[in-house]
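Next comes upload_18.cif, a file with mmCIF, N, CA and C atoms.
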data_upload
#
loop_
_atom_site.label_atom_id
_atom_site.label_comp_id
_atom_site.auth_asym_id
_atom_site.auth_seq_id
_atom_site.Cartn_x
_atom_site.Cartn_y
_atom_site.Cartn_z
N MET X 169 42.64 6.49 3.83
CA MET X 169 41.34 7.01 4.22
C MET X 169 40.33 5.87 4.22
N GLY X 170 39.30 5.99 4.95
CA GLY X 170 38.29 4.95 4.98
C GLY X 170 36.91 5.51 4.71
N ALA X 171 35.95 4.64 4.81
CA ALA X 171 34.56 5.04 4.60
C ALA X 171 34.05 5.79 5.83
N VAL X 172 33.20 6.78 5.58
CA VAL X 172 32.64 7.62 6.64
C VAL X 172 31.14 7.37 6.70
N LYS X 173 30.59 7.38 7.93
CA LYS X 173 29.16 7.15 8.13
C LYS X 173 28.33 8.02 7.19
N ASP X 174 27.31 7.41 6.61
CA ASP X 174 26.33 8.04 5.71
C ASP X 174 26.84 8.33 4.30
N GLU X 175 28.08 7.93 3.98
CA GLU X 175 28.53 8.04 2.60
C GLU X 175 27.86 6.93 1.78
N ILE X 176 27.70 7.18 0.49
CA ILE X 176 27.10 6.19 -0.40
C ILE X 176 28.11 5.87 -1.50
N TYR X 177 28.36 4.57 -1.69
CA TYR X 177 29.31 4.08 -2.68
C TYR X 177 28.57 3.23 -3.70
N LYS X 178 29.09 3.24 -4.94
CA LYS X 178 28.48 2.45 -6.01
C LYS X 178 29.56 1.69 -6.77
N CYS X 179 29.25 0.44 -7.11
CA CYS X 179 30.14 -0.37 -7.94
C CYS X 179 29.89 0.00 -9.39
N GLU X 180 30.93 0.41 -10.09
CA GLU X 180 30.79 0.80 -11.50
C GLU X 180 30.60 -0.42 -12.41
N THR X 181 30.90 -1.63 -11.91
CA THR X 181 30.77 -2.83 -12.72
C THR X 181 29.36 -3.41 -12.67
N CYS X 182 28.84 -3.64 -11.45
CA CYS X 182 27.55 -4.32 -11.31
C CYS X 182 26.42 -3.41 -10.84
N GLY X 183 26.75 -2.20 -10.38
CA GLY X 183 25.72 -1.27 -9.93
C GLY X 183 25.32 -1.42 -8.48
N ASN X 184 25.97 -2.32 -7.74
CA ASN X 184 25.69 -2.50 -6.32
C ASN X 184 25.92 -1.18 -5.58
N VAL X 185 25.03 -0.83 -4.66
CA VAL X 185 25.13 0.42 -3.91
C VAL X 185 25.22 0.11 -2.42
N VAL X 186 26.11 0.83 -1.71
CA VAL X 186 26.32 0.61 -0.29
C VAL X 186 26.18 1.94 0.45
N LEU X 187 25.37 1.95 1.50
CA LEU X 187 25.28 3.08 2.42
C LEU X 187 26.10 2.70 3.65
N VAL X 188 27.08 3.51 4.00
CA VAL X 188 27.94 3.22 5.14
C VAL X 188 27.19 3.54 6.43
N LEU X 189 26.99 2.51 7.25
CA LEU X 189 26.30 2.68 8.53
C LEU X 189 27.27 2.98 9.66
N GLU X 190 28.49 2.47 9.53
CA GLU X 190 29.53 2.71 10.54
C GLU X 190 30.85 2.84 9.82
N GLY X 191 31.49 3.98 9.94
CA GLY X 191 32.74 4.23 9.24
C GLY X 191 33.87 3.35 9.72
N GLY X 192 34.92 3.28 8.92
CA GLY X 192 36.07 2.49 9.28
C GLY X 192 37.19 2.66 8.27
N ASP X 193 38.32 2.02 8.55
CA ASP X 193 39.49 2.08 7.68
C ASP X 193 39.32 1.11 6.52
N GLY X 194 40.09 1.34 5.48
CA GLY X 194 40.09 0.45 4.33
C GLY X 194 39.20 0.96 3.21
N ASP X 195 39.22 0.21 2.11
CA ASP X 195 38.45 0.57 0.93
C ASP X 195 37.29 -0.38 0.76
N LEU X 196 36.20 0.12 0.19
CA LEU X 196 35.07 -0.74 -0.16
C LEU X 196 35.35 -1.30 -1.55
N VAL X 197 35.28 -2.62 -1.69
CA VAL X 197 35.62 -3.29 -2.94
C VAL X 197 34.45 -4.16 -3.37
N CYS X 198 34.13 -4.12 -4.66
CA CYS X 198 33.09 -4.97 -5.25
C CYS X 198 33.58 -5.35 -6.65
N CYS X 199 33.33 -6.57 -7.06
CA CYS X 199 33.74 -7.04 -8.39
C CYS X 199 35.25 -6.85 -8.62
N GLY X 200 36.03 -6.91 -7.53
CA GLY X 200 37.48 -6.80 -7.63
C GLY X 200 38.00 -5.38 -7.82
N GLU X 201 37.12 -4.38 -7.75
CA GLU X 201 37.51 -2.98 -7.94
C GLU X 201 37.03 -2.13 -6.77
N ASN X 202 37.75 -1.03 -6.49
CA ASN X 202 37.29 -0.10 -5.47
C ASN X 202 35.96 0.51 -5.89
N MET X 203 35.06 0.68 -4.93
CA MET X 203 33.76 1.28 -5.21
C MET X 203 33.92 2.79 -5.33
N HIS X 204 33.01 3.41 -6.09
CA HIS X 204 33.02 4.85 -6.37
C HIS X 204 32.19 5.58 -5.33
N LEU X 205 32.78 6.57 -4.66
CA LEU X 205 32.06 7.41 -3.70
C LEU X 205 31.19 8.38 -4.47
N LEU X 206 29.87 8.36 -4.22
CA LEU X 206 28.96 9.26 -4.91
C LEU X 206 29.13 10.68 -4.37
N THR X 207 29.06 11.65 -5.26
CA THR X 207 29.07 13.05 -4.85
C THR X 207 27.75 13.34 -4.13
N SER X 208 27.66 14.47 -3.48
CA SER X 208 26.41 14.80 -2.77
C SER X 208 25.24 14.90 -3.75
N ASP X 209 25.47 15.43 -4.96
CA ASP X 209 24.39 15.51 -5.96
C ASP X 209 23.98 14.12 -6.43
N GLU X 210 24.96 13.23 -6.67
CA GLU X 210 24.65 11.86 -7.10
C GLU X 210 23.92 11.12 -5.99
N ALA X 211 24.35 11.30 -4.75
CA ALA X 211 23.72 10.63 -3.61
C ALA X 211 22.28 11.11 -3.43
N LYS X 212 22.03 12.40 -3.59
CA LYS X 212 20.67 12.94 -3.47
C LYS X 212 19.79 12.38 -4.57
N ALA X 213 20.29 12.37 -5.81
CA ALA X 213 19.51 11.83 -6.93
C ALA X 213 19.18 10.36 -6.69
N PHE X 214 20.15 9.60 -6.17
CA PHE X 214 19.91 8.18 -5.89
C PHE X 214 18.86 8.02 -4.79
N SER X 215 18.99 8.77 -3.69
CA SER X 215 18.05 8.61 -2.58
C SER X 215 16.65 9.08 -2.98
N ASP X 216 16.55 10.06 -3.88
CA ASP X 216 15.24 10.51 -4.36
C ASP X 216 14.53 9.41 -5.16
N ARG X 217 15.30 8.56 -5.85
CA ARG X 217 14.73 7.46 -6.63
C ARG X 217 14.28 6.29 -5.76
N MET X 218 14.85 6.19 -4.56
CA MET X 218 14.52 5.09 -3.66
C MET X 218 13.20 5.37 -2.95
N GLY X 219 12.42 4.33 -2.72
CA GLY X 219 11.19 4.49 -1.95
C GLY X 219 11.51 4.69 -0.48
N LYS X 220 10.66 5.39 0.20
CA LYS X 220 10.83 5.57 1.64
C LYS X 220 10.40 4.29 2.35
N PRO X 221 11.06 3.91 3.43
CA PRO X 221 10.67 2.71 4.17
C PRO X 221 9.20 2.77 4.57
N GLY X 222 8.49 1.69 4.31
CA GLY X 222 7.08 1.61 4.69
C GLY X 222 6.13 2.16 3.65
N SER X 223 6.66 2.69 2.54
CA SER X 223 5.77 3.20 1.49
C SER X 223 5.62 2.16 0.39
N PRO X 224 4.50 2.17 -0.32
CA PRO X 224 4.28 1.17 -1.38
C PRO X 224 5.19 1.36 -2.57
#

Kindly return the structure encoded in the file as structure tokens.
Amino acid sequence: MGAVKDEIYKCETCGNVVLVLEGGDGDLVCCGENMHLLTSDEAKAFSDRMGKPGSP
């Protein structure tokens, strides 16, 4: 299975977060480990913490 557009992944080691802009085959890897796919609740909580583009 691969990454799907608009999925959000997080590295459990360093905290790096990736939003998939274009899906594809393969796994997302960071710090030598597969990244964790956020659940819809986790993704919503994360996006709520992020500022909207163009806002202070």

Could you tell me which residues the PyMOL selection byres ((chain X and resi 170) around 7) grabs in this file, written as a tab-separated table (two decimals) with N, CA and C atoms, keeping the file's coordinate frame?
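As written to disk, selection38.tsv reads:
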chain	number	residue	atom	x	y	z
X	169	MET	N	42.64	6.49	3.83
X	169	MET	CA	41.34	7.01	4.22
X	169	MET	C	40.33	5.87	4.22
X	171	ALA	N	35.95	4.64	4.81
X	171	ALA	CA	34.56	5.04	4.60
X	171	ALA	C	34.05	5.79	5.83
X	172	VAL	N	33.20	6.78	5.58
X	172	VAL	CA	32.64	7.62	6.64
X	172	VAL	C	31.14	7.37	6.70
X	191	GLY	N	31.49	3.98	9.94
X	191	GLY	CA	32.74	4.23	9.24
X	191	GLY	C	33.87	3.35	9.72
X	192	GLY	N	34.92	3.28	8.92
X	192	GLY	CA	36.07	2.49	9.28
X	192	GLY	C	37.19	2.66	8.27
X	193	ASP	N	38.32	2.02	8.55
X	193	ASP	CA	39.49	2.08	7.68
X	193	ASP	C	39.32	1.11	6.52
X	194	GLY	N	40.09	1.34	5.48
X	194	GLY	CA	40.09	0.45	4.33
X	194	GLY	C	39.20	0.96	3.21
X	195	ASP	N	39.22	0.21	2.11
X	195	ASP	CA	38.45	0.57	0.93
X	195	ASP	C	37.29	-0.38	0.76

Straight-line distance linking atom N of X:Ser208 with atom C of X:Gly222, stated in Å to one decimal: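 Result for atom N of X:Ser208 versus atom C of X:Gly222: 25.8 Å, one decimal.
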
Name the residues that the PyMOL selection byres (((chain X and resi 199 and name CA) around 12) and name CA) pulls out of this structure, and write them as a PyMOL selection string. chain X and resi 178-184+196-198+200-203

DSSP alpha helix (DSSP H) selection over chain X, as a list in words: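 So the alpha helix (DSSP H) residues in chain X would be Ser208, Asp209, Glu210, Ala211, Lys212, Ala213, Phe214, Ser215, Asp216 and Arg217 of chain X.
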
N, CA and C atoms of the current selection, written as a CSV table (one decimal), in the frame of the given file:
chain,number,residue,atom,x,y,z
X,208,SER,N,27.7,14.5,-3.5
X,208,SER,CA,26.4,14.8,-2.8
X,208,SER,C,25.2,14.9,-3.8
X,209,ASP,N,25.5,15.4,-5.0
X,209,ASP,CA,24.4,15.5,-6.0
X,209,ASP,C,24.0,14.1,-6.4
X,210,GLU,N,25.0,13.2,-6.7
X,210,GLU,CA,24.6,11.9,-7.1
X,210,GLU,C,23.9,11.1,-6.0
X,211,ALA,N,24.4,11.3,-4.8
X,211,ALA,CA,23.7,10.6,-3.6
X,211,ALA,C,22.3,11.1,-3.4
X,212,LYS,N,22.0,12.4,-3.6
X,212,LYS,CA,20.7,12.9,-3.5
X,212,LYS,C,19.8,12.4,-4.6
X,213,ALA,N,20.3,12.4,-5.8
X,213,ALA,CA,19.5,11.8,-6.9
X,213,ALA,C,19.2,10.4,-6.7
X,214,PHE,N,20.2,9.6,-6.2
X,214,PHE,CA,19.9,8.2,-5.9
X,214,PHE,C,18.9,8.0,-4.8
X,215,SER,N,19.0,8.8,-3.7
X,215,SER,CA,18.0,8.6,-2.6
X,215,SER,C,16.6,9.1,-3.0
X,216,ASP,N,16.6,10.1,-3.9
X,216,ASP,CA,15.2,10.5,-4.4
X,216,ASP,C,14.5,9.4,-5.2
X,217,ARG,N,15.3,8.6,-5.8
X,217,ARG,CA,14.7,7.5,-6.6
X,217,ARG,C,14.3,6.3,-5.8

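Residues within 6 Å of X:Val188, counting only N, CA and C atoms and excluding same-chain residues fewer than 3 positions away, are Val172, Lys173, Asp174, Glu175, Ile176, Tyr177 and Gly191 of chain X.
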
Save the residues we just selected, N, CA and C atoms, as a compact mmCIF listing (two decimals), in the frame of the given file?
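As a result, out04.txt now contains:
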# COMPACT_ATOMS: atom_id res chain seq x y z
N VAL X 172 33.20 6.78 5.58
CA VAL X 172 32.64 7.62 6.64
C VAL X 172 31.14 7.37 6.70
N LYS X 173 30.59 7.38 7.93
CA LYS X 173 29.16 7.15 8.13
C LYS X 173 28.33 8.02 7.19
N ASP X 174 27.31 7.41 6.61
CA ASP X 174 26.33 8.04 5.71
C ASP X 174 26.84 8.33 4.30
N GLU X 175 28.08 7.93 3.98
CA GLU X 175 28.53 8.04 2.60
C GLU X 175 27.86 6.93 1.78
N ILE X 176 27.70 7.18 0.49
CA ILE X 176 27.10 6.19 -0.40
C ILE X 176 28.11 5.87 -1.50
N TYR X 177 28.36 4.57 -1.69
CA TYR X 177 29.31 4.08 -2.68
C TYR X 177 28.57 3.23 -3.70
N GLY X 191 31.49 3.98 9.94
CA GLY X 191 32.74 4.23 9.24
C GLY X 191 33.87 3.35 9.72

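Here, the PyMOL selection byres (((chain X and resi 211 and name CA) around 12) and name CA) matches Asp174, Glu175, Ile176, Tyr177, Lys178, Val185, Val186, Leu187, His204, Leu205, Leu206, Thr207, Ser208, Asp209, Glu210, Lys212, Ala213, Phe214, Ser215, Asp216, Arg217 and Met218 of chain X.
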
For the strand (DSSP E or B) assignment from backbone DSSP, which residues of chain X qualify? Please present them as number ranges by chain. X: 171, 176-178, 185-187, 192, 197-198, 201-202, 204-205

Box centre and edge lengths (Å, one decimal), axis-aligned, stretch 176-195 of chain X plus 6 Å each side, as JSON:
{"center_x": 32.6, "center_y": 1.4, "center_z": -1.1, "size_x": 27.1, "size_y": 23.5, "size_z": 35.3}
